[in-house]
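Participant: Supplied in structure tokens, the structure appears directly below.
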Amino acid sequence: MTASDVRDWDPGDGRLSTPSTTRPPAWSADLPPHPTTALPPLPSDRGSAAPDLFEVVEHFREGLVVCDATGVVRHVSPVAERLLPGVTPGELLSAAGVPGLSDGNTGGFSYRGRRLTARQVPLSGGRCCWYVEDVTDSIGRADALLAERARSAFLAVVGDKLGNPLHPDRAAAAVVRLAVPTLAEVAVLVLAPRAGRARWWRASHADDETPMVHSGALAAGDLPAAVADGLTGIEPHAVDWLVEQAVDAGLLPGLASGSAARVVPLPGRDAPVGVLLVARRATGWYDEADVELIRAFAARAGAALTTALLYRDQAEVADTLQASLLPVEPAEAAGVQWGTAYRPAQAGLRIGGDFYGSHRLADGGSVFFLGDVSGKGVEAAVLTGQLRQCLQALHRLESHPGRLLRLLNDALLETTQAHGQGRFATIVLGVARPQRDGGLTLTLAGGGHLPPLVLRASGEVESVPLRGMLIGVVPDPRVGEVTVRLAPGETCLLYSDGVTEARGGRRGDEQFGTERLVTALSGCQRMPVPALAERVEQVTCDWLARGDHDDIAVLALRATGPSGRGSRHLHSVPAPAGPDQQEEIDA
């Protein structure tokens, strides 16, 4: 298009119109016509010299190599001279030894430490032009981006996998398994010593197989020096001798001495929770990017292990405390056979507000008790622990049930008032003394608890008329006292309200009640006492049908007779129709 092509065609909006385009007039028909004045001619450019073609291409980003029809180089641009110093004008291009230009692999090739791409464009007369570009920097940036994405993806997987294990052993095994093969061919995790022993886990890379994890322990004094330094928070820099020391300690068996290895501490709360030892063959030394990735991995592994160890420590404390708050089995006593059953309301805690136990007296008798404190769960269990400790101390000072119960009331009042708690308890406390005929004399004191039941030798069940006030409410409560005589083979049963107030049945809201408990006990006089206590628990749970319930506690004691032993026979549970269907089965 020349200047004459657009002369007299100026739409006024900055755009040029071609002569072939038909445009409507830009003025209104009601206005006077616009004067058509010819524009001055454009100056002619024929006098200036045309620019040299090669002068123009010298500034291209790509280098140009022009060859004639015989493959002889006729022109090399300055950029091509810098990228392909072996290409010389006047010589065959194939003689230059450039891989991408001689073998036709133009997609990408390496030449003298640079990454190049080349494309061939045919010209007239059988000639051709090669366009060569240096893509070293762009490929380096792309590789760095891909490597960073791979590292981020790896660390994301590590964070996801290590977020679940709360057991130190499983967490440690997961750490070494995740480290192989991304970080190492062999990965070893050494935890900080505990009780003079340091536990370790090792994972080794196997082709197309899941890394195998092995574990063991070393004495703290046998750890390699670099590992011991890492446990203090120091990351060793001189690691030439690390592989030899680790092999001697048994941490890296079978690894060649020329292998590359690094030791990185695993950060913990106050001190490193352990160290991570990674090693691979000498063909893959650890560069700075690898070390940074190992450190990032170690930070996540340290956090996971710290959490797992903290959970383990808290679980051990909780288990120890729970064990101290669980009801203790009654102490063996002459002429008495004990049976117990216990089911807390919250099965996950294993503790609750019901308690029982016994203590031997110096005169051969036994103090026994079963009680229930207000509330459920941990707070109730703590109060039961305090009451059991009080009874353990007070029974050495007072063995009379009524007076002992009043002393316990004073201690509970003092404890609850000191802590600002309005807690109380119900309890049945008794003293069992064996008789010459093998029977037992029970002196019982009641503190607002359900009355005991007595299973006679005939299979009948009697309720003991025992009353009393709650413990821990008033300074001088009314305490009920009663004496019960057990003949040999007869049983006294103490139970908590979790038995009689268990709700179930057809509609799920009916209480189990005392009558059903009496029915369940009737005719079971020949059943061993431990089985009898478990039967009470079982029939109660069957009534509940997996519904919510209060704490359930049962304490049974039987006069064993002159032999001092319980029955050696197992007997079937009688059917509800009556004791006529009872069968005796020898053990």
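Residue numbers start at 1 in each chain; chains themselves are named A, B, ... in the order of the structure tokens; ligands are numbered from 1 in the order shown.
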Tell me, as a PyMOL selection string, which residues lie within 10 Å of stretch 290-300 of chain A, counting only C-alpha atoms; anything in the same chain fewer than 5 positions away does not count.
Facilitator: chain A and resi 148+151-152+154-156+158-159+162-163+175+178-179+182-184+262-268+274-278+285+305-306
Participant: Could you give me the residues within stretch 525-562 of chain A that DSSP places in strand (DSSP E), as a PyMOL selection string?
Facilitator: chain A and resi 552-559
Participant: Residues within 12 Å of A:Asn164, please, as a list in words. Count only C-alpha atoms; anything in the same chain fewer than 6 positions from it doesn't count.
Facilitator: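 Result of the neighbour search: Val157, Val158, Arg170, Ala171, Ala174, Val175, Ala301, Ala303, Ala304, Leu305, Thr307 and Ala308 of chain A.
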Participant: What parts of stretch 219-438 of chain A does DSSP call alpha helix (DSSP H)? I'd like the answer as a PyMOL selection string.
Facilitator: chain A and resi 225-231+242-248+288-325+377-394+401-418
Participant: Find the nearest atom pair between each residue of stretch 490-543 of chain A and stretch 556-561 of chain A for residues within 7 Å, count only C-alpha atoms, give distances in Å to one decimal, sort rows by chain and ascending number, and present the table as a Markdown table.
Facilitator:
| residue | atom | partner | partner_atom | distance |
| --- | --- | --- | --- | --- |
| A:Glu490 | CA | A:Arg558 | CA | 5.6 |
| A:Thr491 | CA | A:Arg558 | CA | 4.2 |
| A:Cys492 | CA | A:Leu557 | CA | 5.5 |
| A:Leu493 | CA | A:Ala556 | CA | 4.4 |
| A:Leu494 | CA | A:Ala556 | CA | 6.1 |
| A:Val529 | CA | A:Ala556 | CA | 6.5 |
| A:Ala533 | CA | A:Ala556 | CA | 6.4 |
Participant: Could you please take those selected residues and save N, CA and C atoms as a short mmCIF file (atom, residue, chain, number, x, y, z; two decimals), in the first residue's frame?
Facilitator:
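Listed below is the output, selection.cif:
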data_model
loop_
_atom_site.label_atom_id
_atom_site.label_comp_id
_atom_site.auth_asym_id
_atom_site.auth_seq_id
_atom_site.Cartn_x
_atom_site.Cartn_y
_atom_site.Cartn_z
N GLU A 490 -23.05 -69.86 102.16
CA GLU A 490 -23.96 -68.74 101.92
C GLU A 490 -23.17 -67.50 101.51
N THR A 491 -23.84 -66.61 100.79
CA THR A 491 -23.17 -65.48 100.14
C THR A 491 -23.88 -64.18 100.46
N CYS A 492 -23.08 -63.13 100.66
CA CYS A 492 -23.60 -61.77 100.81
C CYS A 492 -23.17 -60.97 99.57
N LEU A 493 -24.12 -60.28 98.94
CA LEU A 493 -23.86 -59.56 97.69
C LEU A 493 -24.06 -58.06 97.90
N LEU A 494 -23.03 -57.28 97.58
CA LEU A 494 -23.10 -55.82 97.57
C LEU A 494 -23.06 -55.36 96.12
N VAL A 529 -18.44 -68.02 93.58
CA VAL A 529 -18.69 -66.59 93.83
C VAL A 529 -18.20 -65.71 92.68
N ALA A 533 -20.78 -63.11 90.67
CA ALA A 533 -20.64 -61.67 90.45
C ALA A 533 -20.68 -61.35 88.95
#
Participant: Can you tell me, as an MDAnalysis selection string, what residues are no more than 12 Å from A:Gly196 when counting only C-alpha atoms, ignoring any on the same chain fewer than 5 positions away?
Facilitator: chainID A and resid 191 217:223
Participant: Create the file for the chosen residues now, containing N, CA and C atoms and written as a CSV table (one decimal), in the first residue's frame.
Facilitator:
chain,number,residue,atom,x,y,z
A,191,LEU,N,16.4,-42.7,67.6
A,191,LEU,CA,15.7,-41.9,68.6
A,191,LEU,C,16.7,-41.5,69.8
A,217,ALA,N,18.2,-51.8,68.8
A,217,ALA,CA,18.6,-50.9,69.8
A,217,ALA,C,20.1,-50.9,70.0
A,218,LEU,N,20.6,-49.8,70.4
A,218,LEU,CA,22.0,-49.7,70.7
A,218,LEU,C,22.2,-49.1,72.1
A,219,ALA,N,23.3,-49.4,72.8
A,219,ALA,CA,23.6,-48.7,74.0
A,219,ALA,C,24.0,-47.3,73.6
A,220,ALA,N,23.7,-46.4,74.5
A,220,ALA,CA,24.0,-45.0,74.2
A,220,ALA,C,25.4,-44.7,73.9
A,221,GLY,N,26.3,-45.5,74.6
A,221,GLY,CA,27.7,-45.3,74.4
A,221,GLY,C,28.3,-45.9,73.1
A,222,ASP,N,27.5,-46.7,72.4
A,222,ASP,CA,27.9,-47.3,71.2
A,222,ASP,C,27.5,-46.5,69.9
A,223,LEU,N,26.8,-45.4,70.1
A,223,LEU,CA,26.4,-44.7,68.9
A,223,LEU,C,27.6,-44.0,68.2
Participant: Can you pull out every residue within 6 Å of stretch 322-326 of chain A, counting only C-alpha atoms, but drop anything in the same chain fewer than 4 positions away, and send it as a PyMOL selection string?
Facilitator: chain A and resi 318+351+385
Participant: If we count only C-alpha atoms and set the cut-off at 10 Å, which residues sit around A:Ser366, ignoring sequence neighbours fewer than 4 positions away in its own chain? Please answer as an MDAnalysis selection string.
Facilitator: chainID A and resid 330:334 336 358:362 395 399 430:434 442
Participant: Which is closest to A:Ala249 among A:Ala315, A:Val227, A:Leu123, A:Pro168, if we use only C-alpha atoms?
Facilitator: A:Val227
Participant: Here is a test: counting only C-alpha atoms, which residue of A:Met527, A:Val428, A:Leu251, A:Val66 is nearest to A:Gly339?
Facilitator: A:Met527
Participant: List the spatial neighbours of stretch 443-446 of chain A as an MDAnalysis selection string - criterion: any atom at most 8 Å away, only C-alpha atoms, same-chain residues fewer than 5 positions off excluded.
Facilitator: chainID A and resid 401:402 405 427:432 451 466:469 479:484
Participant: With all heavy atoms retained, export the selected residues as a compact mmCIF listing (two decimals), in the first residue's frame.
Facilitator:
# COMPACT_ATOMS: atom_id res chain seq x y z
N PRO A 401 -17.26 -50.98 112.23
CA PRO A 401 -17.80 -50.41 110.98
C PRO A 401 -18.47 -49.06 111.17
O PRO A 401 -18.24 -48.14 110.36
CB PRO A 401 -18.79 -51.47 110.52
CG PRO A 401 -18.31 -52.74 111.13
CD PRO A 401 -17.73 -52.36 112.45
N GLY A 402 -19.31 -48.89 112.20
CA GLY A 402 -20.02 -47.64 112.37
C GLY A 402 -19.07 -46.48 112.63
O GLY A 402 -19.17 -45.41 112.01
N LEU A 405 -16.99 -45.62 109.61
CA LEU A 405 -17.74 -44.88 108.60
C LEU A 405 -17.87 -43.41 108.98
O LEU A 405 -17.82 -42.52 108.10
CB LEU A 405 -19.12 -45.51 108.42
CG LEU A 405 -19.88 -45.18 107.15
CD1 LEU A 405 -19.05 -45.48 105.92
CD2 LEU A 405 -21.21 -45.94 107.10
N ILE A 427 -22.19 -45.76 100.68
CA ILE A 427 -21.25 -46.86 100.94
C ILE A 427 -21.89 -47.87 101.88
O ILE A 427 -22.71 -47.52 102.75
CB ILE A 427 -19.93 -46.33 101.54
CG1 ILE A 427 -18.88 -47.44 101.61
CG2 ILE A 427 -20.15 -45.67 102.87
CD1 ILE A 427 -17.50 -46.95 102.01
N VAL A 428 -21.52 -49.12 101.69
CA VAL A 428 -21.77 -50.19 102.65
C VAL A 428 -20.41 -50.68 103.10
O VAL A 428 -19.56 -51.06 102.27
CB VAL A 428 -22.58 -51.34 102.03
CG1 VAL A 428 -22.66 -52.51 103.02
CG2 VAL A 428 -23.97 -50.87 101.67
N LEU A 429 -20.18 -50.64 104.40
CA LEU A 429 -18.90 -51.04 104.97
C LEU A 429 -19.15 -52.11 106.02
O LEU A 429 -20.07 -51.98 106.85
CB LEU A 429 -18.20 -49.82 105.58
CG LEU A 429 -16.75 -49.96 106.04
CD1 LEU A 429 -16.02 -48.64 105.87
CD2 LEU A 429 -16.69 -50.40 107.49
N GLY A 430 -18.35 -53.15 105.94
CA GLY A 430 -18.56 -54.24 106.89
C GLY A 430 -17.25 -54.88 107.33
O GLY A 430 -16.20 -54.67 106.75
N VAL A 431 -17.39 -55.69 108.39
CA VAL A 431 -16.27 -56.47 108.91
C VAL A 431 -16.73 -57.93 108.96
O VAL A 431 -17.79 -58.24 109.52
CB VAL A 431 -15.85 -55.99 110.31
CG1 VAL A 431 -14.81 -56.95 110.89
CG2 VAL A 431 -15.31 -54.58 110.25
N ALA A 432 -15.95 -58.79 108.32
CA ALA A 432 -16.25 -60.23 108.29
C ALA A 432 -15.27 -60.95 109.19
O ALA A 432 -14.05 -60.78 109.05
CB ALA A 432 -16.15 -60.76 106.86
N PRO A 451 -29.34 -51.68 100.11
CA PRO A 451 -29.12 -52.75 101.10
C PRO A 451 -28.54 -53.99 100.43
O PRO A 451 -28.90 -54.34 99.30
CB PRO A 451 -30.53 -53.02 101.66
CG PRO A 451 -31.46 -52.54 100.59
CD PRO A 451 -30.79 -51.38 99.94
N LEU A 466 -30.68 -52.60 105.96
CA LEU A 466 -29.61 -51.67 106.33
C LEU A 466 -29.91 -50.30 105.74
O LEU A 466 -30.14 -50.17 104.53
CB LEU A 466 -28.26 -52.18 105.82
CG LEU A 466 -27.02 -51.36 106.19
CD1 LEU A 466 -26.82 -51.36 107.71
CD2 LEU A 466 -25.79 -51.92 105.49
N ARG A 467 -29.93 -49.30 106.60
CA ARG A 467 -30.20 -47.93 106.17
C ARG A 467 -29.07 -47.03 106.64
O ARG A 467 -28.14 -47.45 107.29
CB ARG A 467 -31.54 -47.45 106.72
CG ARG A 467 -32.75 -48.26 106.29
CD ARG A 467 -33.03 -48.08 104.80
NE ARG A 467 -34.23 -48.81 104.39
CZ ARG A 467 -34.24 -50.03 103.92
NH1 ARG A 467 -33.09 -50.68 103.82
NH2 ARG A 467 -35.37 -50.63 103.56
N GLY A 468 -29.18 -45.75 106.31
CA GLY A 468 -28.18 -44.77 106.74
C GLY A 468 -28.21 -43.55 105.86
O GLY A 468 -28.91 -43.50 104.83
N MET A 469 -27.47 -42.52 106.25
CA MET A 469 -27.43 -41.25 105.51
C MET A 469 -26.22 -41.22 104.59
O MET A 469 -25.26 -41.98 104.74
CB MET A 469 -27.37 -40.08 106.49
CG MET A 469 -28.62 -39.93 107.36
SD MET A 469 -28.50 -38.55 108.52
CE MET A 469 -28.30 -37.17 107.38
N VAL A 479 -25.88 -43.39 110.87
CA VAL A 479 -25.30 -44.57 110.25
C VAL A 479 -26.06 -45.80 110.73
O VAL A 479 -26.18 -46.04 111.94
CB VAL A 479 -23.80 -44.70 110.58
CG1 VAL A 479 -23.24 -46.00 110.01
CG2 VAL A 479 -23.03 -43.50 110.05
N GLY A 480 -26.59 -46.57 109.78
CA GLY A 480 -27.28 -47.79 110.14
C GLY A 480 -26.29 -48.93 110.35
O GLY A 480 -25.27 -49.01 109.67
N GLU A 481 -26.60 -49.82 111.33
CA GLU A 481 -25.74 -50.96 111.62
C GLU A 481 -26.59 -52.21 111.76
O GLU A 481 -27.71 -52.17 112.29
CB GLU A 481 -24.92 -50.73 112.89
CG GLU A 481 -23.94 -49.57 112.81
CD GLU A 481 -23.07 -49.46 114.05
OE1 GLU A 481 -22.78 -50.52 114.64
OE2 GLU A 481 -22.70 -48.33 114.42
N VAL A 482 -26.06 -53.33 111.27
CA VAL A 482 -26.77 -54.59 111.37
C VAL A 482 -25.74 -55.71 111.34
O VAL A 482 -24.65 -55.55 110.78
CB VAL A 482 -27.80 -54.74 110.22
CG1 VAL A 482 -27.10 -54.86 108.87
CG2 VAL A 482 -28.72 -55.92 110.45
N THR A 483 -26.09 -56.85 111.96
CA THR A 483 -25.21 -58.02 111.97
C THR A 483 -25.90 -59.16 111.22
O THR A 483 -27.09 -59.41 111.43
CB THR A 483 -24.89 -58.46 113.41
OG1 THR A 483 -24.22 -57.37 114.08
CG2 THR A 483 -23.98 -59.68 113.41
N VAL A 484 -25.14 -59.80 110.34
CA VAL A 484 -25.67 -60.89 109.50
C VAL A 484 -24.80 -62.12 109.73
O VAL A 484 -23.57 -62.02 109.77
CB VAL A 484 -25.68 -60.49 108.01
CG1 VAL A 484 -26.15 -61.67 107.15
CG2 VAL A 484 -26.58 -59.29 107.79
Participant: Under the rule that only C-alpha atoms are counted, which of A:Val73, A:Ala279, A:Leu84, A:Ala206 is the nearest residue to A:Ala187?
Facilitator: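 Looking at the shortest contact to A:Ala187, the residue is A:Ala279.
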Participant: Could you tell me how far atom CA of A:Gly125 sits from atom CA of A:Ser77, in Å to one decimal place?
Facilitator: 20.5 Å
Participant: Ranking A:Val132, A:Ala144, A:Leu413, A:Ile471 by minimum distance to A:Gln120 and counting only C-alpha atoms, which one comes first?
Facilitator: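 Answer, going by the shortest atom-to-atom distance: A:Val132.
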Participant: Between atom CA of A:Leu242 and atom CA of A:Arg280, what is the distance, to one decimal in Å?
Facilitator: 12.4 Å
